[in-house]
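For reference, upload-v2.txt is printed below; it contains compact mmCIF, C-alpha atoms.
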# COMPACT_ATOMS: atom_id res chain seq x y z
CA MET A 1 94.49 124.65 85.56
CA LYS A 2 97.42 126.24 87.41
CA HIS A 3 95.42 126.04 90.63
CA LEU A 4 94.73 122.35 89.97
CA PHE A 5 98.41 121.59 89.49
CA ALA A 6 99.25 123.50 92.65
CA LEU A 7 96.70 121.45 94.58
CA LEU A 8 98.03 118.14 93.29
CA PHE A 9 101.75 118.64 93.27
CA ILE A 10 102.80 121.34 95.73
CA CYS A 11 102.49 119.56 99.05
CA THR A 12 104.59 118.34 101.93
CA VAL A 13 104.02 114.67 102.63
CA GLN A 14 104.34 113.53 106.21
CA VAL A 15 104.26 109.94 107.38
CA PHE A 16 103.54 109.26 111.02
CA PRO A 17 102.13 106.53 113.26
CA ALA A 18 98.54 107.14 114.26
CA GLN A 19 98.06 108.55 117.77
CA THR A 20 94.89 106.47 118.04
CA ASN A 21 95.35 103.06 116.42
CA ASN A 22 91.67 102.35 115.82
CA LYS A 23 89.49 104.66 113.76
CA GLU A 24 86.08 104.20 112.18
CA PHE A 25 85.85 104.44 108.40
CA GLN A 26 83.11 103.92 105.86
CA PHE A 27 84.11 100.86 103.83
CA TYR A 28 82.52 100.24 100.43
CA ALA A 29 82.57 96.61 99.35
CA LEU A 30 82.00 97.39 95.66
CA TYR A 31 82.31 100.34 93.30
CA GLU A 32 78.51 100.40 93.04
CA ASP A 33 78.26 100.68 96.83
CA TYR A 34 80.44 103.78 96.70
CA LEU A 35 78.18 105.29 94.02
CA THR A 36 75.06 104.71 96.13
CA GLY A 37 76.66 105.55 99.49
CA ASN A 38 76.00 102.04 100.76
CA ALA A 39 78.75 101.51 103.35
CA MET A 40 79.42 98.10 104.89
CA GLN A 41 77.41 97.35 108.02
CA PRO A 42 77.79 97.07 110.95
CA GLY A 43 80.35 99.85 111.34
CA ILE A 44 84.03 98.97 110.97
CA ALA A 45 87.15 100.40 112.57
CA GLY A 46 90.54 99.99 110.97
CA GLU A 47 93.64 99.47 113.09
CA ILE A 48 96.07 101.92 111.53
CA LYS A 49 99.67 100.80 111.15
CA GLU A 50 100.84 103.91 109.29
CA ILE A 51 99.17 106.97 107.85
CA SER A 52 100.29 109.78 105.54
CA ASP A 53 98.70 112.51 103.44
CA GLN A 54 98.30 110.04 100.57
CA TYR A 55 97.68 106.58 102.01
CA ILE A 56 96.61 104.55 105.04
CA GLN A 57 98.15 101.20 105.92
CA PHE A 58 96.15 98.88 108.18
CA SER A 59 97.12 95.96 110.39
CA ASP A 60 93.58 94.80 111.23
CA TYR A 61 89.86 95.54 110.85
CA ARG A 62 87.15 95.03 113.49
CA TYR A 63 83.42 95.55 113.84
CA ILE A 64 82.72 98.36 116.26
CA ASP A 65 79.73 96.76 117.98
CA ASN A 66 81.39 93.47 118.98
CA ASN A 67 85.13 93.91 118.28
CA LYS A 68 85.16 90.81 116.06
CA LYS A 69 87.44 90.72 113.04
CA ALA A 70 85.92 92.31 109.93
CA LYS A 71 87.76 90.30 107.29
CA ALA A 72 85.58 91.65 104.48
CA ALA A 73 87.01 95.15 104.98
CA ALA A 74 90.40 94.01 103.71
CA SER A 75 88.91 93.45 100.25
CA ALA A 76 86.63 96.51 100.17
CA TRP A 77 86.86 98.53 96.96
CA ALA A 78 87.37 101.81 98.80
CA LEU A 79 86.90 103.64 102.07
CA SER A 80 86.04 107.16 103.16
CA ASP A 81 87.29 109.04 106.20
CA GLY A 82 84.51 111.61 105.82
CA LYS A 83 86.68 113.98 103.78
CA ASN A 84 88.58 111.92 101.23
CA LEU A 85 88.03 108.71 99.30
CA TYR A 86 90.74 106.03 99.41
CA PHE A 87 91.19 103.21 96.91
CA ASN A 88 92.13 99.70 98.04
CA MET A 89 95.54 98.98 96.51
CA MET A 90 94.68 95.27 96.63
CA ASN A 91 92.67 95.99 93.46
CA ALA A 92 95.42 97.92 91.68
CA GLY A 93 96.72 96.47 88.47
CA VAL A 94 100.44 95.57 88.50
CA ILE A 95 101.35 97.58 91.64
CA TYR A 96 98.84 95.96 94.01
CA ARG A 97 99.52 95.93 97.75
CA ASN A 98 97.39 94.44 100.52
CA ASN A 99 96.04 96.43 103.47
CA VAL A 100 96.91 99.80 101.92
CA PHE A 101 94.33 102.35 100.80
CA ALA A 102 95.55 105.25 98.61
CA LYS A 103 93.77 108.59 98.29
CA PHE A 104 92.06 109.60 95.07
CA ASP A 105 93.74 112.87 94.11
CA PHE A 106 91.49 113.81 91.23
CA ILE A 107 87.83 113.03 90.47
CA ASN A 108 85.78 114.52 87.66
CA ASP A 109 82.67 113.49 85.72
CA ARG A 110 84.54 110.80 83.77
CA TYR A 111 87.66 109.76 85.67
CA MET A 112 89.05 109.02 89.13
CA VAL A 113 92.82 109.21 89.59
CA VAL A 114 95.32 108.04 92.20
CA LEU A 115 98.78 109.64 92.05
CA LEU A 116 101.55 107.94 94.01
CA ASP A 117 104.98 109.50 94.34
CA GLU A 118 107.44 106.62 93.92
CA THR A 119 109.67 108.02 96.67
CA LYS A 120 107.30 109.56 99.21
CA GLU A 121 104.61 106.90 98.86
CA SER A 122 106.84 103.91 98.15
CA LYS A 123 105.22 101.87 100.93
CA ALA A 124 101.88 102.10 99.12
CA ILE A 125 103.28 100.73 95.87
CA GLY A 126 103.85 97.08 95.07
CA TYR A 127 106.53 96.71 92.43
CA ASN A 128 105.67 94.14 89.78
CA ASN A 129 107.08 95.47 86.52
CA PRO A 130 105.56 93.80 83.43
CA TYR A 131 107.58 95.75 80.88
CA GLY A 132 110.43 94.14 79.02
CA GLY A 133 111.74 97.27 77.37
CA GLY A 134 110.52 96.60 73.83
CA LEU A 135 108.87 99.10 71.52
CA LEU A 136 105.14 99.77 71.61
CA GLY A 137 104.57 98.88 67.98
CA ALA A 138 107.30 99.22 65.40
CA ALA A 139 105.38 101.90 63.52
CA LEU A 140 105.00 104.09 66.61
CA ASN A 141 108.59 103.68 67.78
CA ILE A 142 107.57 104.45 71.37
CA LYS A 143 109.09 102.61 74.31
CA PRO A 144 106.47 101.54 76.89
CA LYS A 145 106.65 102.99 80.40
CA SER A 146 104.46 103.30 83.48
CA THR A 147 106.29 105.96 85.50
CA TRP A 148 105.61 109.64 84.84
CA LYS A 149 107.58 112.64 86.03
CA ASP A 150 106.13 116.03 86.93
CA THR A 151 107.67 119.44 86.24
CA LYS A 152 109.71 119.16 89.45
CA GLY A 153 111.22 115.82 88.48
CA ASN A 154 109.18 113.70 90.90
CA SER A 155 108.19 110.27 89.56
CA TYR A 156 104.63 108.96 89.86
CA LYS A 157 102.65 105.81 89.38
CA ILE A 158 99.11 106.62 88.23
CA LEU A 159 95.93 104.58 88.61
CA LEU A 160 92.88 105.46 86.53
CA VAL A 161 89.20 104.59 86.97
CA ASP A 162 87.13 105.19 83.85
CA LYS A 163 83.55 105.64 85.06
CA LYS A 164 82.19 104.66 81.64
CA ASN A 165 84.12 101.38 81.73
CA PRO A 166 84.81 100.57 85.39
CA TYR A 167 85.25 96.83 84.74
CA PRO A 168 88.00 96.53 82.12
CA LEU A 169 88.65 92.81 82.69
CA LYS A 170 86.95 90.13 80.61
CA GLY A 171 86.17 86.46 81.13
CA ASN A 172 86.32 84.83 84.57
CA MET A 173 87.70 87.99 86.22
CA ALA A 174 85.08 90.35 84.76
CA HIS A 175 83.45 90.82 88.18
CA ARG A 176 86.67 92.20 89.68
CA MET A 177 87.22 95.92 89.33
CA ILE A 178 90.98 95.89 88.87
CA VAL A 179 92.09 99.48 88.33
CA PRO A 180 94.78 99.63 85.64
CA ILE A 181 98.06 101.45 85.96
CA VAL A 182 98.48 104.25 83.42
CA ASP A 183 101.11 103.22 80.90
CA THR A 184 102.12 104.41 77.45
CA GLY A 185 99.42 102.35 75.78
CA LYS A 186 96.75 103.93 77.98
CA ILE A 187 97.98 107.43 77.14
CA LEU A 188 97.75 106.63 73.43
CA GLU A 189 94.25 105.22 73.91
CA LEU A 190 93.02 108.25 75.87
CA SER A 191 94.48 110.68 73.34
CA ASN A 192 93.36 108.66 70.32
CA ASN A 193 96.97 108.73 69.11
CA GLU A 194 97.05 112.52 69.07
CA PRO A 195 100.21 113.53 67.15
CA ALA A 196 101.39 116.11 69.70
CA ILE A 197 101.10 113.61 72.55
CA MET A 198 102.75 110.87 70.51
CA GLU A 199 105.66 113.21 69.88
CA LYS A 200 106.03 113.90 73.61
CA LEU A 201 105.95 110.17 74.33
CA LYS A 202 108.66 109.54 71.74
CA LYS A 203 110.83 112.25 73.30
CA ASN A 204 110.08 110.97 76.82
CA SER A 205 108.76 114.43 77.73
CA PHE A 206 105.14 113.56 78.54
CA LEU A 207 104.54 114.73 82.13
CA THR A 208 102.06 113.99 84.89
CA GLU A 209 100.64 117.47 84.34
CA ASP A 210 100.06 116.56 80.68
CA PHE A 211 98.07 113.53 81.81
CA ILE A 212 95.86 115.59 84.14
CA GLU A 213 95.25 118.07 81.34
CA LEU A 214 94.38 115.23 78.95
CA ILE A 215 91.69 113.72 81.18
CA SER A 216 90.34 117.19 82.06
CA ARG A 217 89.38 118.03 78.49

Kindly transcribe the structure held in the file into structure tokens.
Amino acid sequence: MKHLFALLFICTVQVFPAQTNNKEFQFYALYEDYLTGNAMQPGIAGEIKEISDQYIQFSDYRYIDNNKKAKAAASAWALSDGKNLYFNMMNAGVIYRNNVFAKFDFINDRYMVVLLDETKESKAIGYNNPYGGGLLGAALNIKPKSTWKDTKGNSYKILLVDKKNPYPLKGNMAHRMIVPIVDTGKILELSNNEPAIMEKLKKNSFLTEDFIELISR
């Protein structure tokens, strides 16, 4: 587990303009397309506006064979650069942002996780705060939150894909795979109200590392 934490949290993030603006990526229109390796065709190149270790921001998308605009790429569920998988922040609950794809930091048999440092990756995060500061149930006496610090004091927004329930929305939006932000309620759900975790939440001492450990069980 120590090696996992080192991989996720001990890094130097650099943001720089791309030397070559256009680069080919594999775009997956739907989550199911990612699972089956069915990339959008014909091939698509993204015009990179800004790129970092954790996200890619695009200004345009074009088909490689005819240079026509590939508008469908803007709403793709994810893309791959051949090494890493990036989630389309357009489909992020609460902190959605158009034309930004954020790297999945952690993938196991059950979950897929995006970790975004609120300072270093601020351009990848849309700020739409739904929390009014009330308590998460009078009996629990836990204040809701959606920002989680690590052992170094860095603050993160976390997005979570549950492979067993990839479509959490109901009704007319059930076809959209909106990936929820991890908040206090989600932590309680994942832990099944585990007393030790509830105590950490009450004391505001639940860390990003605790979350990774929780979903790695």

Nearest to A:Trp77, restricted to all atoms listed in the file and choosing among A:Met89, A:Leu115, A:Leu207, A:Leu30, comes out as A:Leu30

Using only C-alpha atoms, which residue out of A:Thr208, A:Ile48, A:Asp60, A:Asp53 lies closest to A:Lys149?
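The shortest atom-to-atom distance to A:Lys149 comes from A:Thr208.
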
One residue among A:Leu79, A:Val94, A:Val179, A:Ala70 is nearest to A:Gly37 when using all atoms listed in the file, and that residue is A:Leu79

Skipping near chain neighbours, those fewer than 3 positions away, what residues fall within 7 Å of A:Asp162 using all atoms listed in the file, listed as a PyMOL selection string? chain A and resi 110-112+165-166

Writing out the chosen residues with C-alpha atoms as a PDB file, in the coordinates of the input:
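What landed in again.pdb:
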ATOM      1  CA  ARG A 110      84.540 110.800  83.770  1.00  0.00           C
ATOM      2  CA  TYR A 111      87.660 109.760  85.670  1.00  0.00           C
ATOM      3  CA  MET A 112      89.050 109.020  89.130  1.00  0.00           C
ATOM      4  CA  ASN A 165      84.120 101.380  81.730  1.00  0.00           C
ATOM      5  CA  PRO A 166      84.810 100.570  85.390  1.00  0.00           C
TER       6      PRO A 166
END

Which residue of A:Asp109, A:Glu209, A:Glu118, A:Asp183 approaches A:Ser146 most closely, using all atoms listed in the file: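 When distances to A:Ser146 are compared using all atoms listed in the file, the smallest one comes from A:Asp183.
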
note - atom CA of A:Glu24 and atom CA of A:Tyr156 are separated by 29.4 Å

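Here atom CA of A:Gly82 is placed at a distance of 23.4 Å from atom CA of A:Lys123.
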
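Atom to atom, atom CA of A:Gly43 and atom CA of A:Lys69 stand 11.7 Å apart.
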
Can you pull out the residues contacting A:Ile64? Cut-off 10 Å, using all atoms listed in the file, and skip same-chain residues under 2 positions away; I want them as a list in words.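 Result of the neighbour search: Asn22, Lys23, Glu24, Gln41, Pro42, Gly43, Ile44, Ala45, Gly46, Tyr61, Arg62, Asn66, Asn67, Lys68, Lys69 and Ala70 of chain A.
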
For A:Ile142, the closest of A:Ser52, A:Thr184, A:Asn21, A:Ser75 counting all atoms listed in the file is A:Thr184

- request: Would you kindly identify which residues have an atom no farther than 7 Å from (95.9, 108.8, 90.9), using all atoms listed in the file and the file's own coordinates, and write them out as a list in words?
  value: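 Neighbouring residues, ordered by chain and number, come to Phe104, Asp105, Phe106, Val113, Val114, Leu115, Leu116, Ile158, Leu159 and Leu160 of chain A.
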
If we count only C-alpha atoms, what is near A:Asn91 at a cut-off of 12 Å, once residues fewer than 2 positions away on the same chain are taken out, given as a ChimeraX atom specification? /A:29-31,74-78,86-89,93-102,125-126,159-161,167,169,173,175-181

Which one is closest to A:Tyr55: A:Ile212, A:Ile197, A:Leu35, A:Leu85? Count all atoms listed in the file.
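Residue with the minimum atom-to-atom distance to A:Tyr55: A:Leu85.
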